[in-house]
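S.K.: So that you have it, the file is entry-v3.cif, and it contains mmCIF, C-alpha atoms:
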data_final
loop_
_atom_site.label_atom_id
_atom_site.label_comp_id
_atom_site.auth_asym_id
_atom_site.auth_seq_id
_atom_site.Cartn_x
_atom_site.Cartn_y
_atom_site.Cartn_z
CA MET A 13 53.72 7.04 90.62
CA ILE A 14 54.13 7.53 94.41
CA PRO A 15 56.69 5.19 95.96
CA LEU A 16 55.13 2.57 98.23
CA ALA A 17 57.10 3.80 101.24
CA ASN A 18 55.57 7.29 100.97
CA ARG A 19 51.98 6.33 100.18
CA ASN A 20 50.81 6.04 103.82
CA GLU A 21 52.20 9.48 104.62
CA VAL A 22 50.48 11.07 101.58
CA TRP A 23 47.18 9.38 102.40
CA ALA A 24 47.39 10.55 106.02
CA LYS A 25 47.94 14.16 104.88
CA SER A 26 45.05 13.90 102.41
CA ILE A 27 42.70 12.60 105.11
CA MET A 28 43.79 15.36 107.50
CA THR A 29 43.19 18.06 104.87
CA TYR A 30 39.75 16.62 104.08
CA THR A 31 38.84 16.53 107.78
CA GLU A 32 39.92 20.14 108.26
CA ARG A 33 37.78 21.21 105.31
CA LEU A 34 34.77 19.39 106.77
CA ALA A 35 35.26 21.26 110.07
CA ASP A 36 34.99 24.56 108.19
CA ILE A 37 31.61 23.62 106.70
CA PRO A 38 28.73 24.84 108.89
CA GLU A 39 26.64 22.10 110.46
CA MET A 40 23.60 21.36 108.33
CA VAL A 41 20.35 22.56 109.91
CA VAL A 42 17.89 19.69 110.08
CA GLU A 43 14.37 20.95 110.60
CA GLY A 44 11.76 18.96 112.45
CA LYS A 45 8.05 19.02 113.07
CA LEU A 46 6.02 19.69 116.16
CA SER A 47 4.45 16.42 117.25
CA ARG A 48 2.59 17.37 120.41
CA MET A 49 2.32 19.77 123.32
CA VAL A 50 1.95 18.48 126.87
CA GLY A 51 1.42 21.11 129.53
CA LEU A 52 4.16 23.68 129.02
CA THR A 53 6.39 21.46 126.89
CA LEU A 54 6.61 21.16 123.11
CA GLU A 55 7.82 17.89 121.59
CA ALA A 56 9.46 17.85 118.16
CA GLU A 57 10.56 15.00 115.92
CA GLY A 58 13.04 14.86 113.06
CA CYS A 59 15.49 17.54 114.20
CA ARG A 60 18.70 17.54 116.21
CA ALA A 61 19.63 20.23 118.74
CA ALA A 62 21.75 20.33 121.88
CA ILE A 63 20.47 21.00 125.40
CA GLY A 64 20.26 24.75 125.96
CA SER A 65 20.26 25.64 122.25
CA LEU A 66 17.59 27.86 120.70
CA CYS A 67 14.94 26.93 118.16
CA GLN A 68 12.09 28.65 116.41
CA VAL A 69 8.67 27.11 116.02
CA GLU A 70 6.81 28.39 112.96
CA SER A 71 3.03 28.12 112.84
CA LYS A 72 1.04 27.60 109.65
CA SER A 73 0.19 31.32 109.65
CA GLY A 74 3.90 32.23 109.65
CA LYS A 75 4.11 33.29 113.32
CA ARG A 76 7.45 32.33 114.91
CA ILE A 77 7.86 31.51 118.60
CA GLY A 78 11.19 31.17 120.37
CA ALA A 79 11.95 28.03 122.36
CA GLU A 80 14.87 26.40 124.14
CA VAL A 81 15.81 22.73 124.21
CA VAL A 82 15.39 21.42 127.76
CA GLY A 83 15.55 17.66 127.18
CA PHE A 84 15.36 14.78 124.72
CA ALA A 85 14.27 11.14 124.62
CA GLY A 86 14.98 8.84 121.69
CA GLY A 87 14.24 10.74 118.49
CA ARG A 88 12.27 13.50 120.23
CA ILE A 89 13.45 16.77 121.71
CA PHE A 90 11.60 18.71 124.40
CA LEU A 91 11.27 22.47 123.98
CA MET A 92 10.22 25.12 126.47
CA PRO A 93 8.66 28.16 124.72
CA THR A 94 9.73 31.67 125.69
CA GLY A 95 6.43 33.27 124.74
CA SER A 96 2.77 32.53 124.03
CA THR A 97 1.96 29.24 122.29
CA GLN A 98 -1.34 30.48 120.81
CA GLY A 99 -1.75 29.35 117.20
CA LEU A 100 0.54 26.31 117.34
CA GLU A 101 -0.70 22.97 116.03
CA PRO A 102 0.76 19.54 115.15
CA GLY A 103 3.10 19.64 112.17
CA CYS A 104 4.48 23.15 112.73
CA ARG A 105 8.10 23.60 111.57
CA VAL A 106 10.80 23.46 114.25
CA ILE A 107 13.97 25.24 113.10
CA PRO A 108 17.19 24.82 115.17
CA LEU A 109 19.10 28.11 115.28
CA GLY A 110 22.43 26.58 116.32
CA LYS A 111 23.07 29.13 119.07
CA ARG A 112 22.50 29.65 122.77
CA SER A 113 21.08 32.52 124.82
CA LEU A 114 23.63 35.23 125.61
CA ALA A 115 23.60 38.15 128.03
CA LYS A 116 24.18 41.64 126.63
CA VAL A 117 26.28 43.61 129.10
CA GLY A 118 27.90 47.02 129.44
CA PHE A 119 28.01 50.17 131.55
CA ASN A 120 25.11 51.66 129.58
CA LEU A 121 22.82 49.20 131.39
CA LEU A 122 23.08 51.32 134.56
CA GLY A 123 19.75 52.96 135.28
CA ARG A 124 17.83 50.58 133.01
CA VAL A 125 15.09 48.00 133.60
CA LEU A 126 15.29 44.77 131.54
CA ASP A 127 13.10 41.72 131.07
CA GLY A 128 14.30 38.11 131.37
CA ALA A 129 15.47 38.11 127.74
CA GLY A 130 17.57 41.26 128.20
CA ASN A 131 15.17 43.60 126.37
CA ALA A 132 14.39 47.08 127.71
CA LEU A 133 11.18 47.41 129.73
CA ASP A 134 11.55 51.14 130.31
CA ASP A 135 11.07 54.00 127.84
CA LYS A 136 14.67 55.23 127.83
CA GLY A 137 15.47 54.27 124.27
CA PRO A 138 17.38 51.33 122.78
CA LEU A 139 19.99 49.46 124.77
CA ARG A 140 23.63 50.04 123.83
CA THR A 141 25.76 47.25 125.18
CA GLU A 142 29.48 46.55 124.92
CA ALA A 143 29.70 42.76 124.88
CA LYS A 144 27.82 39.47 124.98
CA ILE A 145 28.63 36.81 127.55
CA SER A 146 27.25 33.41 128.46
CA LEU A 147 24.13 33.20 130.61
CA ASN A 148 25.65 30.21 132.41
CA GLY A 149 28.71 32.12 133.61
CA LYS A 150 32.15 30.67 134.10
CA THR A 151 33.48 28.41 136.81
CA ILE A 152 36.03 30.01 139.14
CA ASN A 153 38.70 27.84 140.72
CA PRO A 154 37.89 27.95 144.46
CA LEU A 155 41.60 28.22 145.29
CA SER A 156 41.97 31.34 143.16
CA ARG A 157 39.05 33.20 144.75
CA LYS A 158 39.99 36.20 146.86
CA PRO A 159 39.03 35.49 150.51
CA VAL A 160 36.31 37.54 152.20
CA ARG A 161 38.20 39.98 154.42
CA ASP A 162 36.61 43.44 153.96
CA SER A 163 33.27 44.72 155.29
CA LEU A 164 30.55 46.04 153.00
CA ASP A 165 28.43 48.91 154.29
CA VAL A 166 24.74 48.16 153.54
CA GLY A 167 23.40 51.24 155.34
CA VAL A 168 21.24 49.23 157.78
CA ARG A 169 22.23 49.59 161.44
CA ALA A 170 21.09 46.13 162.62
CA ILE A 171 23.05 44.40 159.84
CA ASN A 172 26.19 46.56 160.03
CA SER A 173 26.52 46.09 163.77
CA ILE A 174 25.15 42.60 164.58
CA LEU A 175 25.36 40.75 161.24
CA ALA A 176 28.38 42.29 159.52
CA VAL A 177 28.48 41.50 155.79
CA GLY A 178 31.75 41.05 153.88
CA ARG A 179 32.51 41.92 150.27
CA GLY A 180 31.95 38.71 148.35
CA GLN A 181 29.62 37.13 150.93
CA ARG A 182 26.37 35.41 149.91
CA MET A 183 23.49 35.90 152.35
CA GLY A 184 19.95 34.56 152.48
CA LEU A 185 17.03 36.78 153.47
CA PHE A 186 14.41 34.40 154.87
CA ALA A 187 10.92 35.83 155.13
CA GLY A 188 7.25 35.09 154.74
CA THR A 189 4.97 37.32 152.72
CA GLY A 190 4.34 40.89 153.83
CA VAL A 191 7.06 41.29 156.47
CA GLY A 192 9.09 44.00 154.70
CA LYS A 193 11.72 42.15 152.67
CA SER A 194 11.25 44.39 149.60
CA VAL A 195 11.63 47.52 151.72
CA LEU A 196 14.83 46.12 153.29
CA LEU A 197 16.21 45.33 149.84
CA GLY A 198 15.39 48.85 148.71
CA MET A 199 17.21 50.34 151.71
CA MET A 200 20.33 48.32 150.94
CA THR A 201 20.13 49.30 147.27
CA LYS A 202 20.10 53.02 148.08
CA PHE A 203 22.50 53.06 151.03
CA THR A 204 25.12 50.43 150.17
CA GLY A 205 28.80 51.22 149.73
CA ALA A 206 29.01 48.99 146.62
CA ASP A 207 29.89 50.53 143.25
CA VAL A 208 27.05 48.88 141.30
CA VAL A 209 23.75 47.28 142.34
CA VAL A 210 22.05 44.57 140.25
CA VAL A 211 18.49 43.67 141.23
CA GLY A 212 16.73 40.54 139.98
CA LEU A 213 12.94 40.55 140.53
CA ILE A 214 12.03 36.96 139.68
CA GLY A 215 8.45 35.69 139.80
CA GLU A 216 7.06 38.74 141.59
CA ARG A 217 3.72 40.38 140.86
CA GLY A 218 3.88 42.88 138.00
CA ARG A 219 2.51 45.64 140.23
CA GLU A 220 5.36 45.12 142.71
CA VAL A 221 7.96 45.51 139.96
CA ASN A 222 6.75 49.00 139.12
CA GLU A 223 6.45 49.98 142.78
CA PHE A 224 9.95 48.72 143.55
CA VAL A 225 11.48 50.73 140.69
CA LEU A 226 9.51 53.94 141.23
CA LYS A 227 9.01 54.07 145.01
CA THR A 228 11.50 51.79 146.73
CA LEU A 229 14.50 52.55 144.51
CA GLY A 230 13.58 55.95 143.14
CA GLU A 231 15.80 58.06 140.91
CA GLU A 232 18.67 58.09 143.39
CA GLY A 233 18.75 54.31 143.71
CA MET A 234 18.46 53.71 139.96
CA GLU A 235 21.52 55.82 139.08
CA ARG A 236 23.94 52.97 139.78
CA ALA A 237 21.50 50.06 139.50
CA VAL A 238 20.39 47.58 136.86
CA VAL A 239 17.00 45.91 137.37
CA VAL A 240 16.08 42.62 135.69
CA ALA A 241 12.36 41.91 136.06
CA SER A 242 10.68 38.65 135.09
CA PRO A 243 7.25 38.73 136.76
CA ALA A 244 5.02 35.81 137.68
CA ASP A 245 3.15 35.75 134.35
CA ASP A 246 6.37 35.13 132.39
CA SER A 247 7.08 31.59 131.22
CA PRO A 248 9.15 29.48 133.64
CA LEU A 249 12.04 29.58 131.16
CA MET A 250 12.02 33.41 131.18
CA ARG A 251 12.01 33.44 134.99
CA VAL A 252 15.05 31.15 135.03
CA HIS A 253 16.75 33.30 132.39
CA GLY A 254 15.98 36.44 134.42
CA ALA A 255 17.90 35.10 137.43
CA MET A 256 20.78 33.98 135.22
CA LEU A 257 20.85 37.32 133.37
CA ALA A 258 21.04 39.33 136.61
CA THR A 259 23.93 37.13 137.75
CA SER A 260 25.71 37.48 134.39
CA ILE A 261 25.44 41.29 134.53
CA ALA A 262 26.86 41.23 138.08
CA GLU A 263 29.72 39.01 136.88
CA TYR A 264 30.54 41.47 134.10
CA PHE A 265 30.87 44.41 136.51
CA ARG A 266 32.89 42.26 138.92
CA ASP A 267 35.29 41.39 136.12
CA GLN A 268 35.77 45.12 135.56
CA GLY A 269 37.17 45.34 139.11
CA LEU A 270 34.03 46.80 140.73
CA ASP A 271 32.28 45.84 143.97
CA VAL A 272 28.77 44.68 143.08
CA LEU A 273 25.72 44.16 145.31
CA LEU A 274 23.42 41.54 143.80
CA LEU A 275 19.88 41.39 145.21
CA MET A 276 17.78 38.44 144.01
CA ASP A 277 14.09 38.40 144.89
CA SER A 278 13.53 35.54 145.05
CA LEU A 279 15.57 32.34 145.04
CA THR A 280 12.39 30.40 145.80
CA ARG A 281 10.65 31.61 142.62
CA TYR A 282 13.75 30.61 140.65
CA ALA A 283 13.54 27.10 142.13
CA GLN A 284 9.81 26.93 141.42
CA ALA A 285 10.39 27.86 137.77
CA HIS A 286 12.94 25.04 137.49
CA ARG A 287 10.42 22.71 139.12
CA GLU A 288 7.80 23.59 136.48
CA ILE A 289 10.29 22.84 133.69
CA ALA A 290 11.52 19.57 135.25
CA LEU A 291 8.02 18.23 135.91
CA ALA A 292 6.94 19.19 132.39
CA ILE A 293 9.59 16.85 130.93
CA ASP A 294 8.55 14.02 133.27
CA GLU A 295 11.33 14.24 135.86
CA PRO A 296 9.95 12.54 138.98
CA PRO A 297 9.32 14.70 142.05
CA ALA A 298 11.43 14.00 145.14
CA THR A 299 10.84 16.37 148.07
CA LYS A 300 7.51 18.23 148.34
CA GLY A 301 7.14 18.15 144.57
CA TYR A 302 10.67 19.39 143.81
CA PRO A 303 12.64 17.12 141.42
CA PRO A 304 16.30 16.37 142.29
CA SER A 305 17.65 18.60 139.50
CA VAL A 306 16.27 21.70 141.27
CA PHE A 307 18.60 21.15 144.23
CA ALA A 308 21.53 20.86 141.81
CA LYS A 309 20.61 24.17 140.12
CA LEU A 310 20.62 26.23 143.34
CA PRO A 311 24.37 25.95 144.11
CA HIS A 312 25.18 26.41 140.42
CA LEU A 313 23.51 29.85 140.53
CA VAL A 314 24.71 30.86 143.99
CA GLU A 315 28.36 29.84 143.43
CA ARG A 316 28.61 32.32 140.57
CA ALA A 317 28.48 35.16 143.12
CA GLY A 318 31.31 35.94 145.51
CA ASN A 319 34.81 37.28 145.02
CA GLY A 320 36.73 36.94 141.79
CA ASP A 321 40.46 36.41 141.40
CA GLU A 322 42.98 38.32 143.51
CA GLY A 323 42.96 41.97 142.47
CA GLY A 324 39.50 41.72 140.92
CA GLY A 325 36.09 42.90 142.05
CA SER A 326 33.43 41.21 144.15
CA ILE A 327 29.76 40.22 144.11
CA THR A 328 28.05 40.45 147.49
CA ALA A 329 24.71 38.72 147.07
CA PHE A 330 21.45 38.71 149.02
CA TYR A 331 18.92 36.05 147.98
CA THR A 332 15.43 36.23 149.41
CA VAL A 333 13.95 32.87 150.36
CA LEU A 334 10.18 32.70 150.83
CA ALA A 335 9.17 30.78 153.94
CA GLU A 336 5.82 29.26 152.99
CA GLY A 337 3.54 29.55 155.99
CA ASP A 338 6.51 31.12 157.85
CA ASP A 339 8.17 27.70 157.84
CA THR A 340 11.91 28.25 157.49
CA ASN A 341 12.53 24.50 157.15
CA ASP A 342 10.87 23.89 153.78
CA PRO A 343 13.11 22.13 151.20
CA ILE A 344 14.30 25.25 149.35
CA ALA A 345 15.01 27.18 152.57
CA ASP A 346 16.90 24.21 153.98
CA ALA A 347 18.93 23.76 150.77
CA ALA A 348 19.66 27.51 150.60
CA ARG A 349 21.06 27.59 154.13
CA GLY A 350 23.52 24.89 153.13
CA VAL A 351 25.02 26.84 150.21
CA LEU A 352 24.91 30.40 151.58
CA ASP A 353 27.34 32.19 153.92
CA GLY A 354 24.70 33.21 156.43
CA HIS A 355 21.05 34.10 156.75
CA ILE A 356 18.89 36.97 157.98
CA VAL A 357 15.46 35.95 159.24
CA LEU A 358 12.58 38.42 159.20
CA SER A 359 10.00 37.82 161.94
CA ARG A 360 6.27 38.19 161.35
CA SER A 361 5.63 38.89 165.04
CA LEU A 362 8.11 41.78 164.96
CA ALA A 363 6.55 43.15 161.77
CA GLU A 364 3.06 42.94 163.28
CA SER A 365 4.27 44.91 166.30
CA GLY A 366 5.56 47.71 164.04
CA HIS A 367 9.24 46.80 164.44
CA PHE A 368 11.01 47.50 161.11
CA PRO A 369 13.22 46.14 159.73
CA ALA A 370 11.78 43.02 161.35
CA ILE A 371 15.15 41.24 161.75
CA ASP A 372 15.15 38.41 164.27
CA ILE A 373 18.73 38.70 165.49
CA GLU A 374 18.46 35.47 167.51
CA ALA A 375 17.70 33.39 164.40
CA SER A 376 20.10 35.27 162.09
CA ILE A 377 23.83 34.74 161.58
CA SER A 378 26.68 35.94 159.39
CA ARG A 379 29.21 33.14 158.96
CA VAL A 380 32.04 35.41 157.82
CA MET A 381 31.65 38.03 160.56
CA PRO A 382 34.57 36.61 162.62
CA ASP A 383 36.82 37.12 159.57
CA ILE A 384 35.87 40.74 158.91
CA ALA A 385 35.09 42.22 162.35
CA ASP A 386 37.69 43.12 164.98
CA LYS A 387 37.58 41.83 168.56
CA LYS A 388 35.83 44.92 169.89
CA HIS A 389 33.09 44.68 167.27
CA MET A 390 32.59 40.97 167.99
CA SER A 391 32.44 41.61 171.73
CA LEU A 392 29.80 44.35 171.37
CA SER A 393 27.73 42.19 169.04
CA ARG A 394 27.79 39.21 171.42
CA GLU A 395 26.83 41.41 174.37
CA LEU A 396 23.77 42.83 172.60
CA ARG A 397 22.72 39.33 171.51
CA ARG A 398 23.07 38.13 175.13
CA LEU A 399 20.87 40.89 176.53
CA TYR A 400 18.28 40.54 173.77
CA SER A 401 18.10 36.76 174.21
CA LEU A 402 17.83 36.99 178.01
CA TYR A 403 14.85 39.30 177.73
CA GLN A 404 13.11 37.11 175.13
CA GLN A 405 13.61 33.96 177.24
CA ASN A 406 12.01 35.60 180.27
CA LYS A 407 9.50 37.76 178.45
CA ASP A 408 6.42 35.87 179.63
CA LEU A 409 7.49 36.02 183.29
CA ILE A 410 8.25 39.73 182.98
CA SER A 411 4.94 40.47 181.23
CA VAL A 412 2.76 38.85 183.90
CA GLY A 413 4.81 40.31 186.76
CA ALA A 414 6.11 36.94 187.95
CA TYR A 415 9.72 38.07 187.81
CA GLN A 416 10.93 39.88 190.91
CA SER A 417 13.46 42.65 190.35
CA GLY A 418 16.82 41.80 191.86
CA SER A 419 16.47 38.03 191.42
CA ASP A 420 19.07 37.95 188.63
CA PRO A 421 21.35 40.94 187.85
CA ARG A 422 21.70 39.80 184.24
CA ILE A 423 17.95 39.81 183.67
CA ASP A 424 17.67 43.15 185.45
CA GLU A 425 20.18 44.60 182.97
CA ALA A 426 18.30 43.07 180.02
CA ILE A 427 15.04 44.63 181.26
CA ALA A 428 16.67 48.02 181.81
CA LYS A 429 18.11 48.14 178.28
CA ASN A 430 15.33 46.40 176.37
CA SER A 431 13.65 49.59 175.14
CA ALA A 432 16.98 51.06 174.01
CA ILE A 433 17.90 47.81 172.21
CA SER A 434 14.53 47.70 170.45
CA GLU A 435 14.95 51.32 169.32
CA PHE A 436 18.52 50.62 168.18
CA LEU A 437 17.41 47.70 165.98
CA GLN A 438 14.71 49.76 164.26
CA GLN A 439 15.37 52.15 161.40
CA ASP A 440 13.31 54.36 159.12
CA MET A 441 13.37 53.33 155.46
CA ASP A 442 14.71 56.76 154.43
CA GLU A 443 17.51 56.80 156.99
CA ALA A 444 21.04 55.62 156.15
CA VAL A 445 23.33 54.46 158.96
CA ASP A 446 26.91 53.64 157.98
CA ILE A 447 29.21 51.15 159.74
CA ASP A 448 31.09 53.69 161.87
CA ARG A 449 27.89 55.26 163.16
CA SER A 450 26.34 51.83 163.78
CA LEU A 451 29.27 50.72 165.95
CA ALA A 452 29.42 54.05 167.82
CA GLU A 453 25.71 53.85 168.68
CA LEU A 454 26.05 50.19 169.69
CA GLU A 455 28.94 50.99 172.05
CA ALA A 456 27.07 53.95 173.53
CA LEU A 457 24.03 51.76 174.15
CA LEU A 458 25.92 49.00 175.94
CA THR A 459 28.14 51.28 178.05
CA ALA A 460 25.32 53.55 179.22
CA ASN A 461 24.30 53.20 182.86
#
Can the structure from this file be put into structure tokens for me?
M.R.:
Amino acid sequence: MIPLANRNEVWAKSIMTYTERLADIPEMVVEGKLSRMVGLTLEAEGCRAAIGSLCQVESKSGKRIGAEVVGFAGGRIFLMPTGSTQGLEPGCRVIPLGKRSLAKVGFNLLGRVLDGAGNALDDKGPLRTEAKISLNGKTINPLSRKPVRDSLDVGVRAINSILAVGRGQRMGLFAGTGVGKSVLLGMMTKFTGADVVVVGLIGERGREVNEFVLKTLGEEGMERAVVVASPADDSPLMRVHGAMLATSIAEYFRDQGLDVLLLMDSLTRYAQAHREIALAIDEPPATKGYPPSVFAKLPHLVERAGNGDEGGGSITAFYTVLAEGDDTNDPIADAARGVLDGHIVLSRSLAESGHFPAIDIEASISRVMPDIADKKHMSLSRELRRLYSLYQQNKDLISVGAYQSGSDPRIDEAIAKNSAISEFLQQDMDEAVDIDRSLAELEALLTAN
């Protein structure tokens, strides 16, 4: 018989052992049934699953459809399907899988085109990856991030000289439809000094995906690139996953010590996909139909880019932001400006006049340029901006002949150099201009008599 003084200790050890054994037993899978479908959302009863976990919905014919848990209320869980819902009916089995979506990563992804789920879209054989990482990424302590101090050559003269981009910077590319943003992205993809390029085509037309891969990128651009394409006809969940997958792949290469250029086209389509999901689970709209959770998701995605720890690699990111009706003050554009390190605005009037790339240098800014450019570079950039702005402010007077030559020496100089400045800011899509050449041409332009 155990002495009374030792009984509590023995019981405590027995309880601890029993608890440890319970922890080793896999959690019991509790299946549920599909109760209804409202819009894009499936509702299931009788099963338990965590937010973000995967489930399978099995129809009466045996067809299985993947879905992800996006919300719950009382005894119901809300599921967002990843594929077609044809054939589903009330009472279908809902089977929790007890796992979350992961990103398959590795150097063998270079040169490949993937869908939002990480499956190959090209005909280059099966994917051979090295690891699986979380789609949600990992949080980096802001104090441990390497500061942005080095320039990144993007091969575009107007950006290299006037809007210098640093390794680890996050820039917005604000543009309406049809003003050349895809062509500009393609130029940066082919001409950049980054080690690896990751392109996320989110919510674009399927035709544009093929054209971007074959024509804009080409074989040369694809050699060091990974393309993740989730076109407009994908489910909103797949479009969200596509943006997260592209970012996860970029994070993997950054963690290998490489400099990565991440091009996301577009951040607006990512926000719209989140809006579709949020409204489908009855989250109330706040600003122009966007629920509050959408504005919380944007910084979560954007903050994953940037520099890693000291001694590690970097992710320099460009996110295109669609300006609906050329309005750069819509909610998503306004929110994006607040979380990005600068913005490049493409002008429709410049594009219509045949000026490509149609970068409006007056409305564009790089917030880290003072940290990465020397005093001479900054001085040249400010001087070109001054001359360009002077001409634009007096353009109407000059056009109608109301301005008299000699009235203002500064305006006279702006008029004399306007043609040269316009030519300097334009560039053929097949021409690469590195940083050194950009600065040399800028200096020659401003010092010429």
S.K.: Using only C-alpha atoms, what does the table of region 190-236 of chain A residues within 7 Å of region 267-273 of chain A look like, with each row giving the shortest atom pair and its distance in Å to one decimal, sorted by chain and ascending number, as CSV?
M.R.:
residue,atom,partner,partner_atom,distance
A:Ala206,CA,A:Asp271,CA,5.3
A:Asp207,CA,A:Asp271,CA,5.3
A:Val208,CA,A:Val272,CA,4.9
A:Val209,CA,A:Leu273,CA,4.7
A:Val210,CA,A:Leu273,CA,6.3
S.K.: How far is it from CA of Val125 (chain A) to CA of Ala329 (chain A), in Å with one decimal?
M.R.: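 CA of Ala329 (chain A) lies at a distance of 19.0 Å from CA of Val125 (chain A).
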S.K.: Pick out the residues sitting within 8 Å of Leu121 (chain A), and hand them over as a ChimeraX atom specification; count all atoms listed in the file, and ignore anything fewer than 6 positions along from it in its own chain.
M.R.: /A:139-141,238
S.K.: Starting from the displayed file, determine the output of the PyMOL selection byres ((chain A and resi 190-204) around 8) and express the residue list as a tab-separated table (two decimals) with C-alpha atoms, in the frame of the given file.
M.R.:
chain	number	residue	atom	x	y	z
A	164	LEU	CA	30.55	46.04	153.00
A	165	ASP	CA	28.43	48.91	154.29
A	166	VAL	CA	24.74	48.16	153.54
A	167	GLY	CA	23.40	51.24	155.34
A	168	VAL	CA	21.24	49.23	157.78
A	185	LEU	CA	17.03	36.78	153.47
A	187	ALA	CA	10.92	35.83	155.13
A	188	GLY	CA	7.25	35.09	154.74
A	189	THR	CA	4.97	37.32	152.72
A	205	GLY	CA	28.80	51.22	149.73
A	206	ALA	CA	29.01	48.99	146.62
A	209	VAL	CA	23.75	47.28	142.34
A	224	PHE	CA	9.95	48.72	143.55
A	228	THR	CA	11.50	51.79	146.73
A	229	LEU	CA	14.50	52.55	144.51
A	232	GLU	CA	18.67	58.09	143.39
A	233	GLY	CA	18.75	54.31	143.71
A	237	ALA	CA	21.50	50.06	139.50
A	273	LEU	CA	25.72	44.16	145.31
A	275	LEU	CA	19.88	41.39	145.21
A	332	THR	CA	15.43	36.23	149.41
A	358	LEU	CA	12.58	38.42	159.20
A	359	SER	CA	10.00	37.82	161.94
A	360	ARG	CA	6.27	38.19	161.35
A	363	ALA	CA	6.55	43.15	161.77
A	368	PHE	CA	11.01	47.50	161.11
A	369	PRO	CA	13.22	46.14	159.73
A	370	ALA	CA	11.78	43.02	161.35
A	441	MET	CA	13.37	53.33	155.46
A	442	ASP	CA	14.71	56.76	154.43
A	444	ALA	CA	21.04	55.62	156.15
S.K.: Out of A:Ala170, A:Leu100, A:Val211, A:Leu52, which residue has the shortest atom-to-atom distance to Arg449 (chain A) when counting all atoms listed in the file?
M.R.: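 Of A:Ala170, A:Leu100, A:Val211, A:Leu52, the one nearest Arg449 (chain A) is A:Ala170, counting all atoms listed in the file.
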S.K.: One decimal, in Å: what's the spacing between CA of Pro382 (chain A) and CA of Lys158 (chain A)?
M.R.: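 Interatomic distance here is 16.7 Å.
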S.K.: Restricting the calculation to all atoms listed in the file, which member of A:Glu315, A:Glu336, A:Glu220, A:Glu43 is positioned closest to Gln68 (chain A)?
M.R.: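 Nearest to Gln68 (chain A): A:Glu43.
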S.K.: Can you list, as a short mmCIF file (atom, residue, chain, number, x, y, z; two decimals) with C-alpha atoms, in the frame of the given file, the residues that the PyMOL selection byres ((chain A and resi 378) around 9) selects here?
M.R.:
data_model
loop_
_atom_site.label_atom_id
_atom_site.label_comp_id
_atom_site.auth_asym_id
_atom_site.auth_seq_id
_atom_site.Cartn_x
_atom_site.Cartn_y
_atom_site.Cartn_z
CA ILE A 174 25.15 42.60 164.58
CA LEU A 175 25.36 40.75 161.24
CA ALA A 176 28.38 42.29 159.52
CA VAL A 177 28.48 41.50 155.79
CA MET A 183 23.49 35.90 152.35
CA ASP A 353 27.34 32.19 153.92
CA GLY A 354 24.70 33.21 156.43
CA HIS A 355 21.05 34.10 156.75
CA ILE A 356 18.89 36.97 157.98
CA SER A 376 20.10 35.27 162.09
CA ILE A 377 23.83 34.74 161.58
CA ARG A 379 29.21 33.14 158.96
CA VAL A 380 32.04 35.41 157.82
CA MET A 381 31.65 38.03 160.56
CA PRO A 382 34.57 36.61 162.62
#
S.K.: Could you tell me, as number ranges by chain, exactly which residues end up selected when the PyMOL selection byres ((chain A and resi 87) around 7) is applied to this structure?
M.R.: A: 57-58, 85-86, 88-89
S.K.: By how many Å are CA of Ser361 (chain A) and CA of Ile171 (chain A) apart?
M.R.: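 Spanning CA of Ser361 (chain A) to CA of Ile171 (chain A) is a straight-line distance of 19.0 Å.
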S.K.: Quick one: everything within 10 Å of Asp448 (chain A), counting only C-alpha atoms, minus sequence neighbours fewer than 4 positions away in the same chain. Send it as a PyMOL selection string.
M.R.: chain A and resi 165+169+172-173+452-454
